[in-house]
Structures are given as C-alpha cells and as structure tokens.
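Peer 1: Sharing data-v6.cif, mmCIF, C-alpha atoms:
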```
data_entry
#
loop_
_atom_site.group_PDB
_atom_site.id
_atom_site.type_symbol
_atom_site.label_atom_id
_atom_site.label_comp_id
_atom_site.auth_asym_id
_atom_site.auth_seq_id
_atom_site.Cartn_x
_atom_site.Cartn_y
_atom_site.Cartn_z
ATOM 1 C CA MET B 1 131.046 125.820 132.735
ATOM 2 C CA LYS B 2 127.642 126.625 131.224
ATOM 3 C CA LYS B 3 129.105 125.998 127.785
ATOM 4 C CA ASN B 4 130.346 122.540 128.808
ATOM 5 C CA LEU B 5 126.981 121.691 130.394
ATOM 6 C CA PHE B 6 125.226 122.739 127.168
ATOM 7 C CA PHE B 7 127.458 120.464 125.010
ATOM 8 C CA ILE B 8 127.057 117.531 127.402
ATOM 9 C CA THR B 9 123.277 117.911 127.360
ATOM 10 C CA LEU B 10 123.239 118.287 123.578
ATOM 11 C CA SER B 11 125.457 115.191 123.202
ATOM 12 C CA LEU B 12 123.130 113.130 125.400
ATOM 13 C CA ILE B 13 120.101 114.185 123.363
ATOM 14 C CA VAL B 14 121.789 113.370 120.062
ATOM 15 C CA LEU B 15 123.134 110.021 121.256
ATOM 16 C CA SER B 16 119.807 108.938 122.727
ATOM 17 C CA GLY B 17 118.247 108.949 119.232
ATOM 18 C CA CYS B 18 114.587 108.848 118.367
ATOM 19 C CA GLY B 19 113.974 105.151 119.064
ATOM 20 C CA TYR B 20 113.302 104.198 115.447
ATOM 21 C CA THR B 21 113.893 100.567 114.598
ATOM 22 C CA THR B 22 113.386 98.408 111.517
ATOM 23 C CA ARG B 23 112.256 95.410 113.564
ATOM 24 C CA SER B 24 108.704 94.225 113.186
ATOM 25 C CA ALA B 25 106.079 96.055 115.215
ATOM 26 C CA VAL B 26 103.490 93.268 114.824
ATOM 27 C CA SER B 27 104.950 90.779 117.278
ATOM 28 C CA SER B 28 108.304 89.952 118.726
ATOM 29 C CA SER B 29 107.265 86.327 119.284
ATOM 30 C CA GLY B 30 106.031 85.637 115.759
ATOM 31 C CA SER B 31 108.718 85.275 113.170
ATOM 32 C CA SER B 32 107.035 83.266 110.419
ATOM 33 C CA ILE B 33 104.312 83.996 107.901
ATOM 34 C CA TYR B 34 102.319 82.132 105.291
ATOM 35 C CA VAL B 35 100.971 84.024 102.297
ATOM 36 C CA GLU B 36 97.768 82.399 101.117
ATOM 37 C CA ASN B 37 97.073 82.497 97.384
ATOM 38 C CA PHE B 38 95.213 85.681 96.561
ATOM 39 C CA VAL B 39 91.721 85.227 95.145
ATOM 40 C CA ASN B 40 90.618 87.119 92.044
ATOM 41 C CA LYS B 41 87.257 88.724 92.905
ATOM 42 C CA ILE B 42 87.108 91.072 89.928
ATOM 43 C CA ASP B 43 83.590 91.008 88.522
ATOM 44 C CA ILE B 44 84.200 90.774 84.782
ATOM 45 C CA ALA B 45 80.457 90.880 84.091
ATOM 46 C CA LYS B 46 80.114 94.277 85.781
ATOM 47 C CA GLU B 47 78.481 96.873 83.591
ATOM 48 C CA THR B 48 80.537 99.867 82.631
ATOM 49 C CA SER B 49 79.391 103.422 83.140
ATOM 50 C CA ASP B 50 80.773 106.874 82.516
ATOM 51 C CA GLU B 51 82.677 106.560 85.817
ATOM 52 C CA ALA B 52 83.932 102.991 85.356
ATOM 53 C CA VAL B 53 84.721 102.503 81.679
ATOM 54 C CA TYR B 54 88.362 101.692 82.247
ATOM 55 C CA TYR B 55 88.042 98.526 84.324
ATOM 56 C CA ALA B 56 90.189 95.745 83.005
ATOM 57 C CA TYR B 57 90.791 92.075 83.665
ATOM 58 C CA ARG B 58 93.988 90.054 83.458
ATOM 59 C CA PRO B 59 93.793 86.310 84.109
ATOM 60 C CA GLY B 60 96.391 85.035 86.557
ATOM 61 C CA MET B 61 97.198 88.425 88.074
ATOM 62 C CA GLU B 62 96.343 87.128 91.555
ATOM 63 C CA SER B 63 99.137 84.539 91.212
ATOM 64 C CA ASP B 64 101.622 87.246 90.241
ATOM 65 C CA ILE B 65 100.601 89.274 93.295
ATOM 66 C CA THR B 66 100.984 86.294 95.652
ATOM 67 C CA ARG B 67 104.394 85.396 94.220
ATOM 68 C CA GLN B 68 105.667 88.971 94.473
ATOM 69 C CA ILE B 69 104.487 89.363 98.084
ATOM 70 C CA ILE B 70 106.328 86.165 99.027
ATOM 71 C CA ASN B 71 109.462 87.419 97.256
ATOM 72 C CA ARG B 72 109.169 90.744 99.070
ATOM 73 C CA PHE B 73 108.891 89.054 102.484
ATOM 74 C CA ILE B 74 111.974 86.992 101.668
ATOM 75 C CA TYR B 75 113.838 90.132 100.582
ATOM 76 C CA ASP B 76 112.723 92.056 103.694
ATOM 77 C CA GLY B 77 113.867 89.290 106.041
ATOM 78 C CA ASN B 78 111.735 90.166 109.080
ATOM 79 C CA TYR B 79 109.560 87.067 108.663
ATOM 80 C CA LEU B 80 110.382 83.557 107.553
ATOM 81 C CA VAL B 81 107.991 82.500 104.795
ATOM 82 C CA THR B 82 106.775 79.013 105.652
ATOM 83 C CA ASP B 83 103.818 76.664 105.228
ATOM 84 C CA ALA B 84 100.394 77.396 106.721
ATOM 85 C CA LYS B 85 100.683 74.736 109.426
ATOM 86 C CA ASN B 86 103.895 76.144 110.961
ATOM 87 C CA ALA B 87 103.356 79.862 110.386
ATOM 88 C CA HIS B 88 102.617 82.262 113.217
ATOM 89 C CA PHE B 89 100.855 84.675 110.865
ATOM 90 C CA LEU B 90 98.608 84.094 107.862
ATOM 91 C CA LEU B 91 98.251 86.782 105.194
ATOM 92 C CA LYS B 92 95.271 86.441 102.877
ATOM 93 C CA GLY B 93 93.854 88.720 100.261
ATOM 94 C CA GLN B 94 91.524 89.310 97.376
ATOM 95 C CA LEU B 95 92.136 91.226 94.175
ATOM 96 C CA VAL B 96 88.953 93.288 93.827
ATOM 97 C CA GLU B 97 89.796 95.834 91.109
ATOM 98 C CA PHE B 98 92.242 96.434 88.300
ATOM 99 C CA LYS B 99 91.770 99.934 86.904
ATOM 100 C CA ARG B 100 93.396 101.760 84.032
ATOM 101 C CA GLU B 101 92.635 105.475 84.218
ATOM 102 C CA PRO B 102 93.719 108.100 81.689
ATOM 103 C CA LEU B 103 95.855 110.846 83.206
ATOM 104 C CA ARG B 104 97.013 112.949 80.294
ATOM 105 C CA TYR B 105 95.801 113.652 76.767
ATOM 106 C CA ASP B 106 97.487 115.192 73.737
ATOM 107 C CA ALA B 107 96.044 118.010 71.624
ATOM 108 C CA ASN B 108 93.929 115.509 69.651
ATOM 109 C CA ASP B 109 92.385 113.990 72.809
ATOM 110 C CA ASN B 110 94.438 110.806 72.542
ATOM 111 C CA VAL B 111 95.477 109.318 75.872
ATOM 112 C CA ILE B 112 99.229 109.611 76.345
ATOM 113 C CA GLU B 113 99.485 108.602 80.026
ATOM 114 C CA TYR B 114 97.612 106.088 82.178
ATOM 115 C CA ARG B 115 97.507 105.181 85.866
ATOM 116 C CA LEU B 116 97.148 101.498 86.748
ATOM 117 C CA SER B 117 95.677 100.590 90.129
ATOM 118 C CA LEU B 118 95.522 97.137 91.694
ATOM 119 C CA VAL B 119 93.027 97.221 94.546
ATOM 120 C CA THR B 120 92.931 94.467 97.159
ATOM 121 C CA ASN B 121 91.299 93.546 100.436
ATOM 122 C CA ILE B 122 93.882 92.041 102.801
ATOM 123 C CA GLU B 123 93.906 90.527 106.258
ATOM 124 C CA LEU B 124 96.653 89.397 108.611
ATOM 125 C CA ASP B 125 95.643 86.661 111.074
ATOM 126 C CA ASP B 126 97.490 85.340 114.095
ATOM 127 C CA ASN B 127 97.329 81.544 113.661
ATOM 128 C CA ARG B 128 98.268 80.783 117.259
ATOM 129 C CA GLN B 129 95.731 83.068 118.894
ATOM 130 C CA GLY B 130 93.074 82.669 116.215
ATOM 131 C CA SER B 131 92.594 86.424 115.914
ATOM 132 C CA VAL B 132 92.765 89.111 113.251
ATOM 133 C CA VAL B 133 95.837 91.315 113.688
ATOM 134 C CA TRP B 134 94.690 93.844 111.076
ATOM 135 C CA GLN B 135 92.661 94.050 107.907
ATOM 136 C CA GLU B 136 92.364 96.649 105.173
ATOM 137 C CA SER B 137 89.898 97.149 102.365
ATOM 138 C CA ASN B 138 90.801 98.908 99.129
ATOM 139 C CA PHE B 139 94.548 98.584 99.696
ATOM 140 C CA ALA B 140 96.176 99.610 96.406
ATOM 141 C CA GLY B 141 99.386 99.440 94.442
ATOM 142 C CA GLU B 142 99.843 101.842 91.523
ATOM 143 C CA SER B 143 101.970 102.669 88.537
ATOM 144 C CA THR B 144 101.815 105.130 85.666
ATOM 145 C CA TYR B 145 102.945 104.736 82.111
ATOM 146 C CA ARG B 146 103.136 106.859 78.994
ATOM 147 C CA THR B 147 102.174 105.597 75.568
ATOM 148 C CA THR B 148 104.319 107.977 73.486
ATOM 149 C CA ASP B 149 107.652 109.883 73.540
ATOM 150 C CA GLN B 150 110.962 108.806 75.051
ATOM 151 C CA TYR B 151 109.262 107.916 78.373
ATOM 152 C CA ALA B 152 106.869 105.390 76.826
ATOM 153 C CA LYS B 153 106.802 101.879 78.226
ATOM 154 C CA PRO B 154 104.643 98.827 77.601
ATOM 155 C CA GLU B 155 101.556 98.261 79.716
ATOM 156 C CA ASN B 156 102.967 94.913 80.906
ATOM 157 C CA THR B 157 105.934 96.727 82.441
ATOM 158 C CA ALA B 158 103.582 99.121 84.227
ATOM 159 C CA ILE B 159 101.527 96.169 85.525
ATOM 160 C CA LYS B 160 104.683 94.572 86.933
ATOM 161 C CA GLU B 161 105.554 97.879 88.615
ATOM 162 C CA ALA B 162 102.043 98.097 90.125
ATOM 163 C CA VAL B 163 102.352 94.518 91.444
ATOM 164 C CA ASP B 164 105.776 95.394 92.915
ATOM 165 C CA ASP B 165 104.334 98.534 94.523
ATOM 166 C CA LEU B 166 101.419 96.587 96.018
ATOM 167 C CA ALA B 167 103.735 93.897 97.412
ATOM 168 C CA ARG B 168 106.075 96.502 98.907
ATOM 169 C CA ARG B 169 103.161 98.297 100.583
ATOM 170 C CA ILE B 170 101.688 95.075 101.991
ATOM 171 C CA VAL B 171 105.020 93.979 103.463
ATOM 172 C CA GLU B 172 105.625 97.435 104.927
ATOM 173 C CA ARG B 173 102.118 97.444 106.416
ATOM 174 C CA THR B 174 102.777 94.037 107.966
ATOM 175 C CA VAL B 175 106.266 94.744 109.277
ATOM 176 C CA GLU B 176 105.816 98.326 110.434
ATOM 177 C CA ASN B 177 102.125 97.988 111.409
ATOM 178 C CA TRP B 178 101.447 101.688 110.717
#
```
What would you get if you wrote out this structure as structure tokens?
Peer 2:
Amino acid sequence: MKKNLFFITLSLIVLSGCGYTTRSAVSSSGSSIYVENFVNKIDIAKETSDEAVYYAYRPGMESDITRQIINRFIYDGNYLVTDAKNAHFLLKGQLVEFKREPLRYDANDNVIEYRLSLVTNIELDDNRQGSVVWQESNFAGESTYRTTDQYAKPENTAIKEAVDDLARRIVERTVENW
C-alpha cells in the first residue's frame, strides 16, 4: 500500500511539470511589435588609448542589426512584426560600440584570435500605454574568429555571427523578459 501511494505521489509530481512555457512573458494582450531602425551612435572621432585601441567602425551596421532583429522576431513567431501605427510594442535601439579585441597571440606576438562585440542600448515601449516595458544599456552580441589555421574565418563572417547573436539575445530578452 505504501509502495502504491509512493508511485502515485511521484507520478503526480512528474506529471505536474515545472510550469515552463515558451509563450511571451511580456504581455498576453500584446501580440505585435515594430522594430525601429537602430541608430549608429559610434563616435568615430573618439581618441584611442591603451585601453581602447581596437574600436572599429562599419558603415551601415545598424541597418544589418535592424534587419536581423526583424528576421529573428519572424522566425520566433511570438510577435507579429508590423508597422509602428498598429504595433502594441515598439523596440528601439542604438549601436554604441563595435569592438575588436585580441584574444590569443602566437609565439611572435601576432594576433591569431579576436573577439568582436556589438554593444547597444535598447528599449521596449508599450505603444498603447505609453510606458517603457524595459530598457538595457550595454546589451551586447559577440563572436570570435581566428585568423590562421584550419579554424580561420573572415572577419565579415564573424561580424554576421555577432549580429545574429545580438538579434537572438534581444528577441529572447523581449519574449522571455528575464
């Protein structure tokens, strides 16, 4: 009898689950979003120093970020991407840094691996209530790439991976609201 009670209790615990869902945690009533064009706020006239010698600038990167975020929302499917007038939520952002940092050197002090970081400031607004749902500063997407050996890849490929990583993180932050 005790054995049966134990298995029944265990079955109820297992079947009840943990309550995890993939539905959006932001709002059950809002199902549409507009992604405003990101603004490039990288200061290309900024002086370099020993700490910041690897800043870089790529024209048009903010457009690539915007396009990839929209594609990621479409792929995710939790929100309908629509125009600003009809959207429940408005996502806006600024590209504030694009950094290329050396990670690994060879015996001759040549850089053989870099980390790329795309740093943004983002904000999600509720258009209907006129309020800020959340905002984050220094929200980053990253990628690494090697310059030599069989694992080498072009910097443009690593930039695309960093943009993809940033878009994935922004959509996850919006949908899961963690």
Peer 1: Would you translate the PyMOL selection byres ((chain B and resi 134-146) around 9) into the concrete set of residues it matches in this file, as JSON, numbers by chain?
Peer 2: {"B": [96, 97, 103, 104, 111, 112, 113, 114, 115, 116, 117, 118, 119, 120, 121, 122, 123, 124, 125, 132, 133, 147, 148, 149, 150, 151, 152, 153, 154, 155, 157, 158, 159, 160, 161, 162, 163, 164, 165, 166, 167, 168, 169, 170, 174, 177]}
Peer 1: Rank B:Phe89, B:Asp43, B:Asn37, B:Leu95 by their smallest atom-to-atom distance to B:Asp126, using only C-alpha atoms, and report the top residue only.
Peer 2: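 Closest residue, counting only C-alpha atoms: B:Phe89.
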Peer 1: Would you work out the distance separating atom CA of B:Gln129 from atom CA of B:Leu90, expressed in Å to one decimal?
Peer 2: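 Separation of atom CA of B:Gln129 and atom CA of B:Leu90: 11.4 Å.
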Peer 1: From the options B:Asn86, B:Gly93, B:Ile44, B:Asn108, which residue's atoms come nearest to B:Arg128, counting all atoms listed in the file?
Peer 2: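 Using all atoms listed in the file, B:Arg128 sits closest to B:Asn86.
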Peer 1: Kindly give the distance, in Å, that separates atom CA of B:Lys99 and atom CA of B:Thr66, rounded to a single decimal.
Peer 2: 18.6 Å
Peer 1: Just how far from atom CA of B:Tyr79 is atom CA of B:Val171, in Å to one decimal?
Peer 2: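 Distance reported for this atom pair: 9.8 Å.
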Peer 1: Ranking B:Gly60, B:Glu172, B:Arg72, B:Asp83 by minimum distance to B:Asn127 and counting only C-alpha atoms, which one comes first?
Peer 2: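 Between B:Gly60, B:Glu172, B:Arg72, B:Asp83, the residue approaching B:Asn127 most closely is B:Asp83.
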Peer 1: Step by step: start from the point (90.4, 87.8, 95.2) in the file's coordinates, keep every protein, DNA or RNA residue that has an atom no farther than 6 Å from it, count all atoms listed in the file, and write the set as a list of chain:residue names.
Peer 2: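 Nearby residues: B:Phe38, B:Val39, B:Asn40, B:Lys41, B:Gln94, B:Leu95, B:Val96.
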Peer 1: Could you give me the centre and size, in Å to one decimal, of an axis-aligned box around all listed atoms of stretch 65-82 of chain B with 3 Å added on every side, as JSON?
Peer 2:
```
{"center_x": 107.2, "center_y": 85.5, "center_z": 101.2, "size_x": 19.3, "size_y": 19.0, "size_z": 21.8}
```
Peer 1: Could you tell me which residues the PyMOL selection byres ((chain B and resi 81) around 9) grabs in this file, written as a list in words?
Peer 2: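 Output from the PyMOL selection byres ((chain B and resi 81) around 9), applied to this file: Ser31, Ser32, Ile33, Tyr34, Val35, Ile70, Phe73, Ile74, Tyr79, Leu80, Thr82, Asp83 and Ala87 of chain B.
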Peer 1: Is it possible to dump stretch 99-160 of chain B as a JSON list (two decimals), in the first residue's frame, including just C-alpha atoms?
Peer 2:
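Wrote it out as result-v6.json, contents follow:
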```
[["chain", "number", "residue", "atom", "x", "y", "z"],
["B", 99, "LYS", "CA", 34.95, 46.44, -30.57],
["B", 100, "ARG", "CA", 37.56, 44.06, -31.89],
["B", 101, "GLU", "CA", 39.69, 42.71, -29.05],
["B", 102, "PRO", "CA", 42.65, 40.36, -29.41],
["B", 103, "LEU", "CA", 42.22, 37.11, -27.50],
["B", 104, "ARG", "CA", 45.17, 34.96, -28.48],
["B", 105, "TYR", "CA", 48.67, 35.57, -29.81],
["B", 106, "ASP", "CA", 51.22, 33.28, -31.44],
["B", 107, "ALA", "CA", 54.87, 32.96, -30.39],
["B", 108, "ASN", "CA", 55.78, 36.06, -32.44],
["B", 109, "ASP", "CA", 53.09, 38.22, -30.77],
["B", 110, "ASN", "CA", 50.85, 38.19, -33.84],
["B", 111, "VAL", "CA", 47.13, 38.15, -33.07],
["B", 112, "ILE", "CA", 45.60, 34.83, -34.09],
["B", 113, "GLU", "CA", 42.16, 35.20, -32.47],
["B", 114, "TYR", "CA", 39.82, 38.16, -31.97],
["B", 115, "ARG", "CA", 36.55, 38.78, -30.14],
["B", 116, "LEU", "CA", 34.01, 41.06, -31.82],
["B", 117, "SER", "CA", 31.46, 42.83, -29.64],
["B", 118, "LEU", "CA", 28.45, 44.83, -30.81],
["B", 119, "VAL", "CA", 27.20, 46.93, -27.91],
["B", 120, "THR", "CA", 23.75, 48.52, -27.98],
["B", 121, "ASN", "CA", 21.33, 50.43, -25.81],
["B", 122, "ILE", "CA", 17.80, 49.09, -26.30],
["B", 123, "GLU", "CA", 14.33, 49.92, -25.07],
["B", 124, "LEU", "CA", 10.95, 48.24, -25.39],
["B", 125, "ASP", "CA", 7.95, 50.59, -25.18],
["B", 126, "ASP", "CA", 4.27, 49.77, -24.83],
["B", 127, "ASN", "CA", 2.62, 51.94, -27.51],
["B", 128, "ARG", "CA", -0.88, 51.60, -26.06],
["B", 129, "GLN", "CA", 0.00, 52.54, -22.50],
["B", 130, "GLY", "CA", 2.77, 54.96, -23.42],
["B", 131, "SER", "CA", 5.20, 53.35, -20.98],
["B", 132, "VAL", "CA", 8.62, 51.73, -21.02],
["B", 133, "VAL", "CA", 8.39, 47.97, -20.54],
["B", 134, "TRP", "CA", 12.16, 47.55, -20.12],
["B", 135, "GLN", "CA", 15.41, 49.11, -21.21],
["B", 136, "GLU", "CA", 19.01, 47.93, -21.17],
["B", 137, "SER", "CA", 22.29, 49.71, -21.66],
["B", 138, "ASN", "CA", 25.40, 47.97, -22.97],
["B", 139, "PHE", "CA", 23.46, 44.98, -24.32],
["B", 140, "ALA", "CA", 25.96, 43.02, -26.43],
["B", 141, "GLY", "CA", 26.23, 40.37, -29.10],
["B", 142, "GLU", "CA", 29.60, 38.66, -29.60],
["B", 143, "SER", "CA", 31.57, 36.39, -31.84],
["B", 144, "THR", "CA", 35.15, 35.16, -32.03],
["B", 145, "TYR", "CA", 37.25, 34.37, -35.04],
["B", 146, "ARG", "CA", 40.71, 33.04, -35.74],
["B", 147, "THR", "CA", 42.99, 34.48, -38.38],
["B", 148, "THR", "CA", 45.11, 31.37, -39.04],
["B", 149, "ASP", "CA", 44.92, 27.54, -39.11],
["B", 150, "GLN", "CA", 42.01, 25.34, -40.17],
["B", 151, "TYR", "CA", 39.59, 27.29, -37.92],
["B", 152, "ALA", "CA", 40.26, 30.64, -39.60],
["B", 153, "LYS", "CA", 37.32, 32.60, -40.95],
["B", 154, "PRO", "CA", 36.92, 36.05, -42.47],
["B", 155, "GLU", "CA", 36.08, 38.98, -40.23],
["B", 156, "ASN", "CA", 32.87, 39.60, -42.21],
["B", 157, "THR", "CA", 31.63, 36.14, -41.23],
["B", 158, "ALA", "CA", 32.38, 36.87, -37.58],
["B", 159, "ILE", "CA", 30.53, 40.20, -37.83],
["B", 160, "LYS", "CA", 27.47, 38.41, -39.23]]
```
